[in-house]
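Engineer: Quick one: the structure is below, questions incoming.
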Amino acid sequence: MKNIVTITKKINNFNKKIKVSSDKSLSIRCVLLSSIAIGTSRLSNLLESEDVLNALKAIKKLGINYKKKKNFFEIEGFGLNGYNTKKKLTINAGNSATLARLLCGLLVKAENKIRLIGDKSLFKRDFSRLEFLKLFGVNIKNKNGLLPVEIQGSRFLRPAKIIEKLGSAQVKSCAIFCGLNTPGITFIKAKKSRNHTESLLRYLKYPIKVKSKGAYDYIKLKGLNQFKAFNYKVPGDISSAAFFIVLTLLSKNSKILIKKVNINKSRIGIIKILNKMNAKIKLKNKRLYKGEETADILVKSRNNLKSIYCPEKLNSSAIDEFLVIFLVASKARGISSFRNLEELNKKESPRLDRAVKFLKMIGIKVIRKKNNIQIYGNPDLDLKGKFHIKNYLKDHRIFMMSCIAALSFGGLWHINDKDSINTSFPSFLKIIKFLGGKYEIK
């Protein structure tokens with residue numbers, strides 16, 4: 001199988017308009033929420049990546065039918081507790097911790113044991129974070145905090161008060177989904193993180209209230225309220241757009257307009273951080289769509305990028321984008337500081353560890369103390385050597401970050417695990433080619 005990408009030179013200047021892949025977080029949530037709505041939902045522009053296709057396979061196993069038509073999916077839901085769980089089932093979430101963790105919140109009334117598994121990477125993720133489900137009366141077991149997880153629901157769920165301190169939208173959403181099936185009022189105090197679940201439920205007129213105070217959101221929802229099927233067109237993913245934002249910034253005499261991207265305030269940390277580094281990224285044609293804000297993102301090359309002391313309050317809203325933010329810091333003038341990035345090591349691979357190793361490999365000075373790093377930027381960074389990126393647990397974001405580094409900094413690169421992009425951004429290399437980037441697949 002051809003799974004290694006070779007890049008031998010920097011990208012030439014470009015001036016293009018593009019659309020990136022649909023938002024993965026929203027796509028998975030739309031699939032899951034439509035599976036517990038009453039009636040037939042229509043989801044258009046759904047991301048057809050491995051993670052989302054695994055979400056569709058999961059609801060199919062639970063008795064929910066779906067059909068793909070020309071440019072949309074129809075999903076027929078039977079309301080809360082509408083899953084068929086009369087038999088023991090094993091559900092494979094693949095690479096997606098979002099799917100696995102959120103689904104646990106929807107299986108809290110499962111009549112039989114449901115076993116959740118995943119790929120090699122997912123088996124390394126922390127599932128002890130879902131122990132709080134026991135407070136609702138759910139029987140959930142894991143293997144030393146890891147997969148496989150076994151969950152068996154209860155007919156006698158009780159509301160609970162949950163405190164989420166890590167800024168994990170997946171854990172928060174799991175608690176919210178559990179609260180949907182629980183009688184009474186569920187209270188959640190959650191460190192700020194992406195809020196797509198709350199936004200979608202508000203759009204669906206579900207009785208959920210959110211108050212923001214300091215670093216936390218205080219969420220209150222009333223369980224056992226049915227909601228109707230819905231139509232939704234998924235916007236572009238800011239995490240996918242991030243790679244081309246950074247490629248444009250680091251290329252010479254280039255300009256890009258990325259159309260119709262989700263700019264939810266809990267997701268645009270990368271734009272705020274890069275603008276503090278003198279990027280001057282602009283948001284055009286802002287519009288509100290069913291609880292989410294979208295815009296076109298305009299980016300131009302910048303040759304006078306400056307270092308940053310990154311505010312910790314932006315960490316959660318940029319957690320999936322730090323790998324490419326580090327590339328910008330590598331080219332910026334001065335020393336950039338990033339603090340309390342422990343959550344980066346809880347992703348598909350230990351990304352903080354990998355990022356430090358990667359930056360040192362390309363000649364960037366990095367000082368690390370626990371989960372804090374300092375990156376000594378080199379505005380004249382121009383690589384001539386050979387680089388081989390492998391053994392990164394098939395992490396899609398490390399693969400894409402490596403491609404952006406090769407096209408921006410030069411050198412001869414062999415980058416393994418091309419197929420990893422199928423989990424989140426299958427069209428990544430096609431867009432690289434459209435922009436004029438040259439590569440070979442071996």
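In the structure tokens, each chain is lettered A, B, ... as it comes, each chain's residues begin at 1, and ligands are numbered from 1 in order of appearance.
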Give me, as a ChimeraX atom specification, the residues of segment 129-199 of chain A that a backbone DSSP run labels strand (DSSP E).
Structural biologist: /A:139-143,146-152,161-164,185-191
Engineer: What lies within 7 Å of segment 273-285 of chain A using only C-alpha atoms, ignoring chain neighbours under 6 positions off, as a PyMOL selection string?
Structural biologist: chain A and resi 295-299+302+305-308+310
Engineer: Take the residues that were just selected and, keeping N, CA, C and O atoms, output them as a compact mmCIF listing (two decimals), in the first residue's frame.
Structural biologist:
# COMPACT_ATOMS: atom_id res chain seq x y z
N ALA A 295 -17.77 31.98 8.96
CA ALA A 295 -17.16 33.12 8.26
C ALA A 295 -16.19 32.60 7.22
O ALA A 295 -15.80 31.42 7.21
N ASP A 296 -15.79 33.50 6.32
CA ASP A 296 -14.68 33.23 5.41
C ASP A 296 -13.41 33.76 6.07
O ASP A 296 -13.41 34.87 6.64
N ILE A 297 -12.33 33.00 6.01
CA ILE A 297 -11.07 33.37 6.66
C ILE A 297 -10.07 33.82 5.62
O ILE A 297 -9.72 33.06 4.71
N LEU A 298 -9.61 35.06 5.74
CA LEU A 298 -8.64 35.64 4.81
C LEU A 298 -7.27 35.69 5.45
O LEU A 298 -7.10 36.26 6.53
N VAL A 299 -6.27 35.11 4.78
CA VAL A 299 -4.91 35.04 5.32
C VAL A 299 -3.92 35.46 4.23
O VAL A 299 -4.06 35.07 3.07
N ARG A 302 3.12 36.55 5.95
CA ARG A 302 3.71 37.53 6.86
C ARG A 302 5.17 37.18 7.08
O ARG A 302 5.49 36.04 7.43
N LEU A 305 6.65 37.95 11.60
CA LEU A 305 5.96 37.31 12.71
C LEU A 305 6.78 37.47 13.99
O LEU A 305 8.00 37.44 13.97
N LYS A 306 6.09 37.65 15.10
CA LYS A 306 6.79 37.87 16.37
C LYS A 306 6.38 36.81 17.39
O LYS A 306 5.34 36.15 17.27
N SER A 307 7.20 36.66 18.40
CA SER A 307 6.97 35.64 19.43
C SER A 307 5.78 36.01 20.30
O SER A 307 5.26 37.13 20.25
N ILE A 308 5.38 35.05 21.14
CA ILE A 308 4.21 35.25 21.98
C ILE A 308 4.44 34.61 23.35
O ILE A 308 5.11 33.58 23.45
N CYS A 310 1.97 32.96 25.32
CA CYS A 310 0.59 32.55 25.03
C CYS A 310 -0.26 32.53 26.30
O CYS A 310 0.07 31.83 27.26
Engineer: Find the spatial neighbours of Phe78 of chain A, counting only C-alpha atoms, within a cut-off of 7 Å - ignore same-chain residues fewer than 3 positions away - and output them as a list in words.
Structural biologist: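 Using only C-alpha atoms, the neighbours found are Ile36, Ala37, Ile38, Gly39 and Gly82 of chain A.
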Engineer: Quick one: write out the picked residues with all heavy atoms as a PDB file, in the first residue's frame?
Structural biologist:
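Wrote it out as again_23.pdb, contents follow:
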ATOM      1  N   ILE A  36     -31.200  10.185  18.328  1.00  0.00           N
ATOM      2  CA  ILE A  36     -32.111  10.163  19.488  1.00  0.00           C
ATOM      3  C   ILE A  36     -33.212  11.211  19.367  1.00  0.00           C
ATOM      4  O   ILE A  36     -33.950  11.458  20.319  1.00  0.00           O
ATOM      5  CB  ILE A  36     -31.335  10.358  20.813  1.00  0.00           C
ATOM      6  CG1 ILE A  36     -30.575  11.690  20.829  1.00  0.00           C
ATOM      7  CG2 ILE A  36     -30.390   9.194  21.067  1.00  0.00           C
ATOM      8  CD1 ILE A  36     -30.000  12.052  22.189  1.00  0.00           C
ATOM      9  N   ALA A  37     -33.317  11.840  18.189  1.00  0.00           N
ATOM     10  CA  ALA A  37     -34.432  12.744  17.915  1.00  0.00           C
ATOM     11  C   ALA A  37     -35.632  11.924  17.457  1.00  0.00           C
ATOM     12  O   ALA A  37     -35.514  10.744  17.123  1.00  0.00           O
ATOM     13  CB  ALA A  37     -34.029  13.753  16.848  1.00  0.00           C
ATOM     14  N   ILE A  38     -36.789  12.550  17.405  1.00  0.00           N
ATOM     15  CA  ILE A  38     -37.996  11.872  16.921  1.00  0.00           C
ATOM     16  C   ILE A  38     -38.230  12.267  15.470  1.00  0.00           C
ATOM     17  O   ILE A  38     -38.448  13.434  15.161  1.00  0.00           O
ATOM     18  CB  ILE A  38     -39.225  12.239  17.776  1.00  0.00           C
ATOM     19  CG1 ILE A  38     -39.050  11.713  19.207  1.00  0.00           C
ATOM     20  CG2 ILE A  38     -40.500  11.659  17.161  1.00  0.00           C
ATOM     21  CD1 ILE A  38     -40.174  12.100  20.143  1.00  0.00           C
ATOM     22  N   GLY A  39     -38.135  11.275  14.578  1.00  0.00           N
ATOM     23  CA  GLY A  39     -38.367  11.555  13.170  1.00  0.00           C
ATOM     24  C   GLY A  39     -37.092  11.441  12.341  1.00  0.00           C
ATOM     25  O   GLY A  39     -36.053  10.958  12.809  1.00  0.00           O
ATOM     26  N   GLY A  82     -34.199   5.334  22.428  1.00  0.00           N
ATOM     27  CA  GLY A  82     -34.734   4.638  21.260  1.00  0.00           C
ATOM     28  C   GLY A  82     -33.801   3.591  20.676  1.00  0.00           C
ATOM     29  O   GLY A  82     -34.119   2.989  19.647  1.00  0.00           O
TER      30      GLY A  82
END
Engineer: If we count only C-alpha atoms and set the cut-off at 10 Å, which residues sit around segment 366-383 of chain A, ignoring sequence neighbours fewer than 5 positions away in its own chain? Please answer as an MDAnalysis selection string.
Structural biologist: chainID A and resid 9:10 303:309 326:345 352:353 355:357 359:360 405:406 408:412
Engineer: Between segment 231-268 of chain A and segment 180-199 of chain A, at 10 Å or less, what are the per-residue closest atom pairs and their distances in Å? Count only C-alpha atoms, order by chain and rising residue number, and return it as a Markdown table.
Structural biologist:
| residue | atom | partner | partner_atom | distance |
| --- | --- | --- | --- | --- |
| A:Asn264 | CA | A:Arg194 | CA | 8.0 |
| A:Lys265 | CA | A:Arg194 | CA | 8.0 |
| A:Ser266 | CA | A:Arg194 | CA | 4.6 |
| A:Arg267 | CA | A:Arg194 | CA | 6.1 |
| A:Ile268 | CA | A:Arg194 | CA | 9.7 |
Engineer: Filtering to C-alpha atoms, could you give me those residues as a PDB file, in the first residue's frame?
Structural biologist:
ATOM      1  CA  ASN A 264     -17.390  29.152  17.197  1.00  0.00           C
ATOM      2  CA  LYS A 265     -15.755  31.260  19.923  1.00  0.00           C
ATOM      3  CA  SER A 266     -14.679  28.113  21.767  1.00  0.00           C
ATOM      4  CA  ARG A 267     -12.676  26.995  18.695  1.00  0.00           C
ATOM      5  CA  ILE A 268     -10.850  30.075  17.339  1.00  0.00           C
TER       6      ILE A 268
END
Engineer: What is the distance, in Å and to one decimal place, between atom CA of Phe399 of chain A and atom CA of Asn54 of chain A?
Structural biologist: 21.2 Å
Engineer: Expressed in Å to a single decimal, how great is the separation between atom CA of Val20 of chain A and atom CA of Gly236 of chain A?
Structural biologist: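 Interatomic distance, atom CA of Val20 of chain A to atom CA of Gly236 of chain A: 5.7 Å.
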Engineer: So that I can see what lies close to Asp119 of chain A, please list as a list in words the residues with an atom at most 10 Å from it, counting only C-alpha atoms and leaving out residues fewer than 4 positions away in the same chain.
Structural biologist: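 My reading of the contact set: Asn92, Ala93, Gly94, Asn95, Ser96, Phe123, Lys124 and Leu147 of chain A.
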Engineer: Just the selected residues (all heavy atoms), exported as a short mmCIF file (atom, residue, chain, number, x, y, z; two decimals), in the first residue's frame, please.
Structural biologist:
data_model
loop_
_atom_site.label_atom_id
_atom_site.label_comp_id
_atom_site.auth_asym_id
_atom_site.auth_seq_id
_atom_site.Cartn_x
_atom_site.Cartn_y
_atom_site.Cartn_z
N ASN A 92 -17.19 -0.59 17.66
CA ASN A 92 -15.82 -0.17 17.38
C ASN A 92 -15.82 1.32 17.01
O ASN A 92 -16.38 1.71 15.98
CB ASN A 92 -15.23 -1.00 16.24
CG ASN A 92 -13.74 -0.77 16.07
OD1 ASN A 92 -13.20 0.26 16.45
ND2 ASN A 92 -13.06 -1.74 15.47
N ALA A 93 -15.23 2.16 17.86
CA ALA A 93 -15.17 3.61 17.62
C ALA A 93 -13.98 4.01 16.77
O ALA A 93 -13.79 5.21 16.52
CB ALA A 93 -15.15 4.36 18.95
N GLY A 94 -13.18 3.05 16.34
CA GLY A 94 -12.03 3.36 15.49
C GLY A 94 -11.02 4.25 16.21
O GLY A 94 -10.54 3.93 17.29
N ASN A 95 -10.74 5.40 15.62
CA ASN A 95 -9.76 6.33 16.17
C ASN A 95 -10.39 7.43 17.01
O ASN A 95 -9.72 8.27 17.57
CB ASN A 95 -8.99 6.98 15.00
CG ASN A 95 -7.86 7.87 15.45
OD1 ASN A 95 -7.94 9.09 15.37
ND2 ASN A 95 -6.79 7.27 15.96
N SER A 96 -11.73 7.42 17.12
CA SER A 96 -12.44 8.59 17.65
C SER A 96 -12.79 8.49 19.13
O SER A 96 -13.74 7.81 19.53
CB SER A 96 -13.73 8.82 16.84
OG SER A 96 -14.42 9.94 17.35
N PHE A 123 -6.94 2.80 22.11
CA PHE A 123 -6.71 1.96 23.28
C PHE A 123 -5.72 2.59 24.26
O PHE A 123 -5.57 2.10 25.38
CB PHE A 123 -6.22 0.57 22.85
CG PHE A 123 -7.32 -0.46 22.75
CD1 PHE A 123 -8.08 -0.56 21.60
CD2 PHE A 123 -7.60 -1.30 23.81
CE1 PHE A 123 -9.10 -1.49 21.50
CE2 PHE A 123 -8.62 -2.23 23.73
CZ PHE A 123 -9.37 -2.33 22.57
N LYS A 124 -5.05 3.66 23.87
CA LYS A 124 -4.13 4.36 24.76
C LYS A 124 -4.76 5.59 25.42
O LYS A 124 -4.13 6.24 26.23
CB LYS A 124 -2.87 4.79 23.99
CG LYS A 124 -2.04 3.62 23.45
CD LYS A 124 -0.83 4.13 22.69
CE LYS A 124 -0.02 2.97 22.12
NZ LYS A 124 0.66 2.20 23.17
N LEU A 147 -9.52 1.36 27.26
CA LEU A 147 -10.43 0.44 26.58
C LEU A 147 -9.95 -1.00 26.80
O LEU A 147 -8.77 -1.22 27.05
CB LEU A 147 -10.46 0.75 25.09
CG LEU A 147 -11.14 2.04 24.63
CD1 LEU A 147 -11.06 2.15 23.11
CD2 LEU A 147 -12.58 2.13 25.08
#
Engineer: Out of A:Leu323, A:Glu348, A:Cys30, A:Glu150, which residue has the shortest atom-to-atom distance to Cys403 of chain A when counting only C-alpha atoms?
Structural biologist: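 Of A:Leu323, A:Glu348, A:Cys30, A:Glu150, the one nearest Cys403 of chain A, counting only C-alpha atoms, is A:Leu323.
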Engineer: Run DSSP on the backbone and tell me which residues of segment 184-287 of chain A come out as helix (DSSP H, G or I); list them as a PyMOL selection string.
Structural biologist: chain A and resi 196-203+238-250+269-276
Engineer: In Å, how far is it from atom CA of Ile441 of chain A to atom CA of Lys418 of chain A?
Structural biologist: 8.5 Å
Engineer: I want to know what sits within 9 Å of segment 424-435 of chain A, based on only C-alpha atoms, with residues of the same chain fewer than 4 positions away left out; could you give that as an MDAnalysis selection string?
Structural biologist: chainID A and resid 11:16 18:24 47:52 240 244 396:397 400 419:420 439
Engineer: Would you write out those residues with N, CA and C atoms, as a short mmCIF file (atom, residue, chain, number, x, y, z; two decimals), in the first residue's frame?
Structural biologist:
data_model
loop_
_atom_site.label_atom_id
_atom_site.label_comp_id
_atom_site.auth_asym_id
_atom_site.auth_seq_id
_atom_site.Cartn_x
_atom_site.Cartn_y
_atom_site.Cartn_z
N ILE A 11 6.62 25.06 -1.33
CA ILE A 11 5.52 25.41 -2.21
C ILE A 11 5.80 26.79 -2.84
N ASN A 12 5.38 26.96 -4.09
CA ASN A 12 5.48 28.28 -4.73
C ASN A 12 4.37 29.19 -4.22
N ASN A 13 4.48 30.48 -4.50
CA ASN A 13 3.45 31.40 -4.03
C ASN A 13 2.10 31.06 -4.69
N PHE A 14 1.02 31.35 -3.97
CA PHE A 14 -0.33 31.04 -4.45
C PHE A 14 -1.31 32.12 -4.01
N ASN A 15 -2.42 32.18 -4.71
CA ASN A 15 -3.53 33.09 -4.38
C ASN A 15 -4.81 32.35 -4.74
N LYS A 16 -5.45 31.72 -3.74
CA LYS A 16 -6.54 30.79 -4.02
C LYS A 16 -7.70 30.96 -3.04
N ILE A 18 -10.46 28.35 -1.20
CA ILE A 18 -10.68 26.92 -0.97
C ILE A 18 -11.82 26.71 0.03
N LYS A 19 -12.30 25.48 0.06
CA LYS A 19 -13.17 25.00 1.13
C LYS A 19 -12.48 23.81 1.77
N VAL A 20 -12.48 23.77 3.09
CA VAL A 20 -11.86 22.65 3.79
C VAL A 20 -12.95 21.66 4.18
N SER A 21 -12.54 20.54 4.76
CA SER A 21 -13.50 19.50 5.13
C SER A 21 -14.48 20.01 6.18
N SER A 22 -15.62 19.34 6.25
CA SER A 22 -16.66 19.72 7.20
C SER A 22 -16.21 19.47 8.63
N ASP A 23 -16.80 20.21 9.54
CA ASP A 23 -16.41 20.15 10.94
C ASP A 23 -16.66 18.76 11.52
N LYS A 24 -15.59 18.11 12.00
CA LYS A 24 -15.72 16.75 12.52
C LYS A 24 -16.49 16.70 13.83
N LEU A 47 -19.21 15.40 7.17
CA LEU A 47 -17.85 14.95 6.91
C LEU A 47 -17.84 13.43 6.73
N GLU A 48 -17.37 12.96 5.58
CA GLU A 48 -17.31 11.52 5.33
C GLU A 48 -15.90 11.00 5.59
N SER A 49 -15.48 11.15 6.83
CA SER A 49 -14.19 10.64 7.27
C SER A 49 -14.42 9.34 8.05
N GLU A 50 -13.34 8.63 8.36
CA GLU A 50 -13.49 7.37 9.09
C GLU A 50 -14.19 7.56 10.43
N ASP A 51 -13.86 8.65 11.14
CA ASP A 51 -14.47 8.87 12.45
C ASP A 51 -15.99 9.04 12.35
N VAL A 52 -16.44 9.79 11.36
CA VAL A 52 -17.89 10.03 11.22
C VAL A 52 -18.57 8.78 10.68
N SER A 240 -9.20 21.92 10.43
CA SER A 240 -8.66 21.63 9.10
C SER A 240 -8.14 22.89 8.44
N PHE A 244 -3.87 25.29 6.51
CA PHE A 244 -3.69 26.17 5.36
C PHE A 244 -3.54 27.63 5.78
N HIS A 396 -3.05 11.69 12.64
CA HIS A 396 -3.37 12.47 11.44
C HIS A 396 -2.83 13.89 11.51
N ARG A 397 -2.88 14.51 12.68
CA ARG A 397 -2.43 15.90 12.77
C ARG A 397 -0.90 16.00 12.68
N MET A 400 -0.13 15.79 8.93
CA MET A 400 -0.43 17.03 8.20
C MET A 400 0.51 18.15 8.62
N ASP A 419 -2.45 7.55 5.16
CA ASP A 419 -3.85 7.15 5.33
C ASP A 419 -4.44 7.64 6.64
N SER A 420 -3.61 8.14 7.55
CA SER A 420 -4.14 8.66 8.82
C SER A 420 -5.09 9.83 8.60
N TYR A 439 4.26 16.78 -4.42
CA TYR A 439 4.60 15.63 -3.58
C TYR A 439 4.46 14.34 -4.39
#
Engineer: Compile the contact shell of Lys347 of chain A as a ChimeraX atom specification: residues with an atom at most 9 Å away, counting only C-alpha atoms, same-chain residues fewer than 4 positions apart removed.
Structural biologist: /A:97,121-122,125,320,343,351,395
Engineer: Show me a table, sorted first by chain and then by increasing residue number, of the residues of segment 330-416 of chain A having an atom at most 6 Å from segment 1-7 of chain A, each with its shortest atom pair and the distance in Å to one decimal, counting only C-alpha atoms and written as JSON lines.
Structural biologist:
{"residue": "A:Leu412", "atom": "CA", "partner": "A:Ile7", "partner_atom": "CA", "distance": 6.0}
{"residue": "A:Trp413", "atom": "CA", "partner": "A:Ile7", "partner_atom": "CA", "distance": 5.1}
{"residue": "A:His414", "atom": "CA", "partner": "A:Thr6", "partner_atom": "CA", "distance": 4.6}
{"residue": "A:Ile415", "atom": "CA", "partner": "A:Val5", "partner_atom": "CA", "distance": 5.1}
{"residue": "A:Asn416", "atom": "CA", "partner": "A:Ile4", "partner_atom": "CA", "distance": 4.5}
Engineer: Write a file of the selected residues as a JSON list (two decimals), in the first residue's frame, keeping N, CA and C atoms.
Structural biologist:
[["chain", "number", "residue", "atom", "x", "y", "z"],
["A", 412, "LEU", "N", 14.29, 17.64, 2.24],
["A", 412, "LEU", "CA", 13.77, 16.42, 1.62],
["A", 412, "LEU", "C", 13.07, 15.60, 2.70],
["A", 413, "TRP", "N", 11.78, 15.38, 2.52],
["A", 413, "TRP", "CA", 10.96, 14.76, 3.56],
["A", 413, "TRP", "C", 10.32, 13.47, 3.06],
["A", 414, "HIS", "N", 10.35, 12.46, 3.92],
["A", 414, "HIS", "CA", 9.56, 11.25, 3.74],
["A", 414, "HIS", "C", 8.63, 11.16, 4.95],
["A", 415, "ILE", "N", 7.34, 11.21, 4.70],
["A", 415, "ILE", "CA", 6.36, 11.30, 5.79],
["A", 415, "ILE", "C", 5.44, 10.09, 5.74],
["A", 416, "ASN", "N", 5.53, 9.24, 6.76],
["A", 416, "ASN", "CA", 4.72, 8.01, 6.81],
["A", 416, "ASN", "C", 3.26, 8.30, 7.16]]
Engineer: Between A:Asn262, A:Ser212, A:Gln170, A:Ser301, which has the minimum distance to Leu249 of chain A (counting only C-alpha atoms)?
Structural biologist: A:Ser301
